[in-house]
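Remarks on the structure that follows.
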Amino acid sequence: MTDDPFENMLAQMDRAEEYADVDHSIFERLKHPERTLKVTLPVELDSGEVEVFEGYRCQFDSARGPFKGGVRFHPSVTQREVEALAGWMTWKTALVDLPYGGAKGGVICEPKELTQNDLESLTRRYTEGIRRMIGPETDVPAPDMNTNPQTMAWMMDTYSMYEGHSIPQVVTGKPLEIGGTPGRVEATGRGVSLVTERLFEYLDRDLSDASIAIQGFGNVGSNAARLLDESGANVVATSDVSGAAYDPDGLDVAALGAHVDAGGLIEEYVAGEYRGNADGSSWDDPDAITNAELLTLDVDVLIPAAVEGVITADNVDDLRASAIVEAANGPTTVAADKALTERDIQVVPDILANAGGVIVSYLEWVQNAQEFSWPLETVNAELERRIGDAFDKTIEQYDAKQLPDLRTAAYTLALERTAKAHEYRGLFP
Ligand SMILES: NC(=O)C1=CN([C@@H]2O[C@H](COP(=O)(O)OP(=O)(O)OC[C@H]3O[C@@H](n4cnc5c(N)ncnc54)[C@H](O)[C@@H]3O)[C@@H](O)[C@H]2O)C=CC1
Ligand SMILES: O=C(O)CCC(=O)C(=O)O
């Protein structure tokens, strides 16, 4: 089996093809990104050195509307990864029925080693590099790993400088003060929490009795943990790149959030070096475990919310969770997926589970176009309606067609919708 996320995305498509009502020639067309731009980004760092970074923007498919997708800053970014992520964006926007195609961007860098000035210079350089590709009607970036509202503000400002006037809707996930929407920062985590609740309703199980392990405590993982904790579930483990914290009686999610917001690592938290209150003392005393151990905990729900390719043929037999909700993009390889299906472990696929972010990005974009702003309650209600509807349609497809798993159900819907758009538009000769 391959570690290449693009091959994994193609293999997921192949698994769905036999059940999807899609002409094989159009299906073959859907396996190729429309275009990928590679940019070279020389940046003068605060240290005085000039470092040359590399970045990408892949526009995968635009049959259903403008390209849409986040920008990732991470040392392991590759062109293939960005192309896989752009493909997943295409299936995600189709599944949740947004009038968008799919795109993704990435810059190879280690943000932890860069100052705030360095990050601003790099972001502006990257935006300049891809600015002929993006635009409010063509391709609309958003945050992903290691990027945030501040990154989007720099992108919006750089793009606007070249255009000569402010164009807020060129990116989503902006700060509120420059056209962001309430609810975007926590939207992906909120969607993960809503989808987990729906899954438990569908399985006729009680979420308030459930134990949950979440790999990754960044934007998505921490918000999912907070909202699931608030809904009564028991978050027993979480992690970051430094390691994992585990307490079978349940973690103090609020304390962990305060620690991480103050710049703390999970390995410091489990060592008792707590940054959340003035005297540095911690009242939570979890065990230190590894990220690998977190994945195999005996829990009701496992939520991978960090990087792709963490559930593989090598560890799938050791997994003990009875359900998996994929908050990260592409956390499960196809080989592992088949094993999970055979073991009857329900997996809510990434293109459904983490779609809350792009749904609220769409709501931000619509508000920008209308030059009108909505209150948080309206945004959250619309998020719940849209992700709930996509969940129900995926379940209907799964039950009606007796499909092997929820990913196949989600992919058949997404592929059929995207193929239909190609047929109507006549992009297929
Ligand atoms: N931010 C968003 O709105 C969306 C994000 N996603 C996906 O969710 C995942 C997480 O994204 P964010 O929370 O935005 O990123 P983030 O940068 O805010 O947080 C990432 C978290 O994962 C941890 N991490 C990184 N590498 C790791 C590793 N090798 N092992 C264990 N933990 C590791 C980090 O320490 C951090 O806690 C990604 O797969 C991303 O593509 C999906 C949809 C939308
Ligand atoms: O909010 C968006 O437009 C895209 C978020 C994203 O990158 C993702 O869903 O993977």
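Residue numbering restarts at 1 for every chain of the structure tokens, chains are lettered A, B, ... in their displayed order, and ligands are numbered from 1 as they appear.
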Per DSSP on the backbone, what are the strand (DSSP E) residues of segment 284-386 of chain A, as a JSON list (two decimals) with N, CA and C atoms, in the first residue's frame?
[["chain", "number", "residue", "atom", "x", "y", "z"],
["A", 287, "ASP", "N", -2.19, 10.80, 32.24],
["A", 287, "ASP", "CA", -1.00, 10.02, 31.92],
["A", 287, "ASP", "C", -0.42, 10.50, 30.59],
["A", 288, "ALA", "N", 0.90, 10.36, 30.46],
["A", 288, "ALA", "CA", 1.55, 10.65, 29.17],
["A", 288, "ALA", "C", 1.53, 9.38, 28.33],
["A", 289, "ILE", "N", 0.95, 9.46, 27.13],
["A", 289, "ILE", "CA", 1.02, 8.34, 26.19],
["A", 289, "ILE", "C", 1.51, 8.88, 24.85],
["A", 301, "VAL", "N", -15.30, 6.42, 20.44],
["A", 301, "VAL", "CA", -15.06, 7.17, 19.19],
["A", 301, "VAL", "C", -13.61, 7.62, 19.13],
["A", 302, "LEU", "N", -12.99, 7.37, 18.01],
["A", 302, "LEU", "CA", -11.65, 7.89, 17.74],
["A", 302, "LEU", "C", -11.81, 9.02, 16.71],
["A", 303, "ILE", "N", -11.23, 10.18, 17.02],
["A", 303, "ILE", "CA", -11.31, 11.32, 16.09],
["A", 303, "ILE", "C", -9.90, 11.74, 15.69],
["A", 304, "PRO", "N", -9.39, 11.28, 14.55],
["A", 304, "PRO", "CA", -8.10, 11.81, 14.09],
["A", 304, "PRO", "C", -8.32, 13.23, 13.60],
["A", 323, "ALA", "N", -16.16, 3.42, 16.64],
["A", 323, "ALA", "CA", -16.49, 4.32, 15.52],
["A", 323, "ALA", "C", -15.35, 5.31, 15.34],
["A", 324, "ILE", "N", -15.21, 5.77, 14.09],
["A", 324, "ILE", "CA", -14.17, 6.76, 13.78],
["A", 324, "ILE", "C", -14.82, 7.93, 13.07],
["A", 325, "VAL", "N", -14.52, 9.14, 13.54],
["A", 325, "VAL", "CA", -15.03, 10.34, 12.88],
["A", 325, "VAL", "C", -13.81, 11.10, 12.37],
["A", 346, "GLN", "N", -17.83, 1.72, 12.09],
["A", 346, "GLN", "CA", -18.37, 2.83, 11.29],
["A", 346, "GLN", "C", -17.35, 3.96, 11.20],
["A", 347, "VAL", "N", -17.09, 4.43, 9.98],
["A", 347, "VAL", "CA", -16.19, 5.56, 9.77],
["A", 347, "VAL", "C", -16.98, 6.68, 9.11],
["A", 348, "VAL", "N", -17.09, 7.82, 9.79],
["A", 348, "VAL", "CA", -17.67, 8.99, 9.11],
["A", 348, "VAL", "C", -16.52, 9.63, 8.33]]
Inset, instruction - Give the residue list for ligand 2 at 9 Å, counting only C-alpha atoms and all ligand atoms, as a ChimeraX atom specification, sorted by chain and then by residue number. - result: /A:68-72,85-86,88-89,92-93,102-105,140-145,171-173,184,187-188,328-329,350-351,354-362
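Taking only C-alpha atoms and all ligand atoms into account, ligand 1 lies nearest to A:Asn146 out of the set A:Thr378, A:Asn146, A:Asn368, A:Thr151.
Shell of Glu54 of chain A at 9 Å, with only C-alpha atoms counted and residues fewer than 6 places along the chain excluded, is Lys38, Val39, Thr40, Leu41, Pro42, Gly106, Val107, Ile108, Cys109 and Tyr126 of chain A.
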Inset, instruction - Quick one: pull the distance between atom CA of Gly65 of chain A and atom CA of Arg417 of chain A, Å, one decimal. - result: 12.1 Å
Inset, instruction - Would you mind telling me which residue in A:Gly250, A:Gly388, A:Pro75, A:Gly179 lies nearest to ligand 1 when using only C-alpha atoms and all ligand atoms? - result: A:Pro75
Distance query Leu194 of chain A at most 9 Å, only C-alpha atoms, self and fewer than 5 positions along chain excluded, as a PDB file with N, CA and C atoms, in the first residue's frame:
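Here's the written file around.pdb:
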ATOM      1  N   GLY A 189     -14.657  22.185  13.971  1.00  0.00           N
ATOM      2  CA  GLY A 189     -14.862  21.401  15.191  1.00  0.00           C
ATOM      3  C   GLY A 189     -16.346  21.250  15.505  1.00  0.00           C
ATOM      4  N   LEU A 199     -24.285  10.557  14.247  1.00  0.00           N
ATOM      5  CA  LEU A 199     -23.896   9.151  14.131  1.00  0.00           C
ATOM      6  C   LEU A 199     -24.469   8.357  15.309  1.00  0.00           C
ATOM      7  N   LEU A 227     -16.683  21.133  22.304  1.00  0.00           N
ATOM      8  CA  LEU A 227     -18.118  21.009  22.034  1.00  0.00           C
ATOM      9  C   LEU A 227     -18.639  19.624  22.416  1.00  0.00           C
ATOM     10  N   LEU A 228     -17.825  18.585  22.210  1.00  0.00           N
ATOM     11  CA  LEU A 228     -18.261  17.242  22.609  1.00  0.00           C
ATOM     12  C   LEU A 228     -18.305  17.129  24.138  1.00  0.00           C
ATOM     13  N   ALA A 353     -17.302  14.642   7.670  1.00  0.00           N
ATOM     14  CA  ALA A 353     -17.067  14.987   9.078  1.00  0.00           C
ATOM     15  C   ALA A 353     -16.439  16.367   9.258  1.00  0.00           C
ATOM     16  N   GLU A 384     -25.679  23.783  10.950  1.00  0.00           N
ATOM     17  CA  GLU A 384     -26.307  22.554  11.439  1.00  0.00           C
ATOM     18  C   GLU A 384     -27.259  21.985  10.387  1.00  0.00           C
ATOM     19  N   ILE A 387     -24.985  20.568   7.303  1.00  0.00           N
ATOM     20  CA  ILE A 387     -24.190  19.354   7.558  1.00  0.00           C
ATOM     21  C   ILE A 387     -25.127  18.201   7.956  1.00  0.00           C
ATOM     22  N   GLY A 388     -26.228  18.535   8.639  1.00  0.00           N
ATOM     23  CA  GLY A 388     -27.217  17.505   9.000  1.00  0.00           C
ATOM     24  C   GLY A 388     -27.857  16.919   7.750  1.00  0.00           C
TER      25      GLY A 388
END
Inset, instruction - Measuring atom to atom with only C-alpha atoms and all ligand atoms, identify which of A:Glu120, A:Asp252, A:Asp61, A:Glu293 is nearest to ligand 1. - result: A:Glu293
Inset, instruction - For Ser160 of chain A, please output as JSON, numbers by chain all residues within 12 Å (counting only C-alpha atoms; exclusion window: fewer than 4 positions along the same chain). - result: {"A": [124, 127, 128, 131, 134, 135, 136, 152, 153, 154, 155, 156, 164, 165, 166, 167, 168, 169, 170, 171]}
Write the residues of the selection above to a file with C-alpha atoms, as a compact mmCIF listing (two decimals), in the first residue's frame.
# COMPACT_ATOMS: atom_id res chain seq x y z
CA ARG A 124 2.51 37.96 1.28
CA THR A 127 -0.16 35.43 -2.16
CA GLU A 128 1.74 37.43 -4.77
CA ARG A 131 -2.57 36.01 -7.11
CA ILE A 134 -7.15 33.38 -7.03
CA GLY A 135 -10.02 35.86 -6.85
CA PRO A 136 -13.51 36.22 -5.35
CA MET A 152 -6.08 35.28 5.79
CA ALA A 153 -5.88 39.00 6.68
CA TRP A 154 -2.39 39.21 5.12
CA MET A 155 -3.59 37.33 2.03
CA MET A 156 -6.63 39.57 1.65
CA GLY A 164 -6.33 48.84 -5.75
CA HIS A 165 -9.31 48.39 -3.45
CA SER A 166 -10.46 46.09 -0.63
CA ILE A 167 -11.71 42.68 -1.76
CA PRO A 168 -12.70 40.80 1.40
CA GLN A 169 -14.33 37.86 -0.40
CA VAL A 170 -11.05 36.73 -1.99
CA VAL A 171 -10.44 34.65 1.15
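Using only C-alpha atoms, the shortest contact distance between Leu376 of chain A and any of A:Thr78, A:Asn117, A:Thr181, A:Ser25 is found at A:Thr181.
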Inset, instruction - Could you find all residues in segment 50-236 of chain A that DSSP calls helix (DSSP H, G or I) from the backbone, and write them as a PyMOL selection string? - result: chain A and resi 79-95+111-113+116-130+149-163+168-170+176-178+187-203+207-209+219-230
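For the pair atom CA of Arg15 of chain A and atom CA of Lys401 of chain A, the separation is 14.5 Å.
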Inset, instruction - State, in Å with one decimal place, the distance from atom CA of Leu319 of chain A to atom CA of Leu340 of chain A. - result: 9.1 Å
Would you mind listing what lies within 12 Å of segment 342-344 of chain A as a PDB file with C-alpha atoms, in the first residue's frame, with only C-alpha atoms counted and same-chain residues fewer than 2 positions away left out?
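Heads up, here's the output in part23.pdb:
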ATOM      1  CA  VAL A 316      -5.607  -1.025  11.902  1.00  0.00           C
ATOM      2  CA  ASP A 317      -5.825  -4.446  13.577  1.00  0.00           C
ATOM      3  CA  ASP A 318      -4.846  -2.846  16.897  1.00  0.00           C
ATOM      4  CA  LEU A 319      -7.602  -0.224  16.773  1.00  0.00           C
ATOM      5  CA  ARG A 320     -10.273  -0.742  19.444  1.00  0.00           C
ATOM      6  CA  ALA A 321     -12.590   2.235  18.851  1.00  0.00           C
ATOM      7  CA  SER A 322     -16.092   1.243  17.760  1.00  0.00           C
ATOM      8  CA  ALA A 323     -16.491   4.318  15.521  1.00  0.00           C
ATOM      9  CA  ILE A 324     -14.166   6.758  13.784  1.00  0.00           C
ATOM     10  CA  ALA A 335      -6.004  -0.707   2.969  1.00  0.00           C
ATOM     11  CA  ALA A 336      -7.003   0.260   6.508  1.00  0.00           C
ATOM     12  CA  ASP A 337     -10.407   1.383   5.285  1.00  0.00           C
ATOM     13  CA  LYS A 338     -11.161  -2.057   3.863  1.00  0.00           C
ATOM     14  CA  ALA A 339     -10.152  -3.684   7.152  1.00  0.00           C
ATOM     15  CA  LEU A 340     -12.400  -1.293   9.117  1.00  0.00           C
ATOM     16  CA  GLN A 346     -18.367   2.833  11.288  1.00  0.00           C
ATOM     17  CA  VAL A 347     -16.189   5.559   9.768  1.00  0.00           C
ATOM     18  CA  PRO A 404     -20.199  -1.324   2.109  1.00  0.00           C
ATOM     19  CA  ASP A 405     -19.486   1.791   4.177  1.00  0.00           C
ATOM     20  CA  LEU A 406     -20.286   5.471   4.674  1.00  0.00           C
TER      21      LEU A 406
END
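With distances taken over only C-alpha atoms and all ligand atoms, A:Glu81 is the one residue among A:Glu81, A:Glu28, A:Glu230, A:Glu396 lying closest to ligand 1.
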Legend entry - Nearest to ligand 1, chosen from A:Ser62, A:Asn219, A:Thr36, A:Ser211, with only C-alpha atoms and all ligand atoms counted in the distances: A:Asn219
Inset, instruction - Might you pull out every residue within 8 Å of segment 253-259 of chain A, with only C-alpha atoms counted and same-chain residues fewer than 6 positions away left off, and present them as a ChimeraX atom specification? - result: /A:222,225-226,229,235,265,269,274-276,284
Would you mind exporting N, CA and C atoms of the selected residues as an mmCIF file, in the first residue's frame?
data_model
loop_
_atom_site.group_PDB
_atom_site.id
_atom_site.type_symbol
_atom_site.label_atom_id
_atom_site.label_comp_id
_atom_site.auth_asym_id
_atom_site.auth_seq_id
_atom_site.Cartn_x
_atom_site.Cartn_y
_atom_site.Cartn_z
ATOM 1 N N SER A 222 -9.309 20.909 19.100
ATOM 2 C CA SER A 222 -9.654 21.558 20.377
ATOM 3 C C SER A 222 -11.115 21.995 20.384
ATOM 4 N N ALA A 225 -13.245 18.913 20.749
ATOM 5 C CA ALA A 225 -13.163 18.423 22.136
ATOM 6 C C ALA A 225 -14.061 19.262 23.045
ATOM 7 N N ARG A 226 -13.967 20.579 22.901
ATOM 8 C CA ARG A 226 -14.759 21.461 23.767
ATOM 9 C C ARG A 226 -16.255 21.217 23.566
ATOM 10 N N ASP A 229 -17.328 17.746 24.791
ATOM 11 C CA ASP A 229 -17.311 17.792 26.256
ATOM 12 C C ASP A 229 -18.578 18.504 26.756
ATOM 13 N N VAL A 235 -14.223 13.162 26.935
ATOM 14 C CA VAL A 235 -12.987 13.214 26.136
ATOM 15 C C VAL A 235 -11.851 12.690 27.017
ATOM 16 N N LEU A 265 2.563 23.063 25.235
ATOM 17 C CA LEU A 265 2.507 21.779 24.529
ATOM 18 C C LEU A 265 1.845 20.732 25.429
ATOM 19 N N TYR A 269 2.009 19.771 29.548
ATOM 20 C CA TYR A 269 0.794 19.631 30.366
ATOM 21 C C TYR A 269 0.829 18.344 31.182
ATOM 22 N N TYR A 274 1.862 23.555 33.752
ATOM 23 C CA TYR A 274 0.612 24.093 33.245
ATOM 24 C C TYR A 274 0.715 25.600 33.030
ATOM 25 N N ARG A 275 0.285 26.065 31.831
ATOM 26 C CA ARG A 275 0.421 27.492 31.548
ATOM 27 C C ARG A 275 -0.904 28.258 31.692
ATOM 28 N N GLY A 276 -1.955 27.565 32.128
ATOM 29 C CA GLY A 276 -3.277 28.200 32.067
ATOM 30 C C GLY A 276 -3.617 29.088 33.242
ATOM 31 N N ASP A 284 -5.328 18.915 36.825
ATOM 32 C CA ASP A 284 -5.597 17.743 36.014
ATOM 33 C C ASP A 284 -4.308 16.913 36.022
#
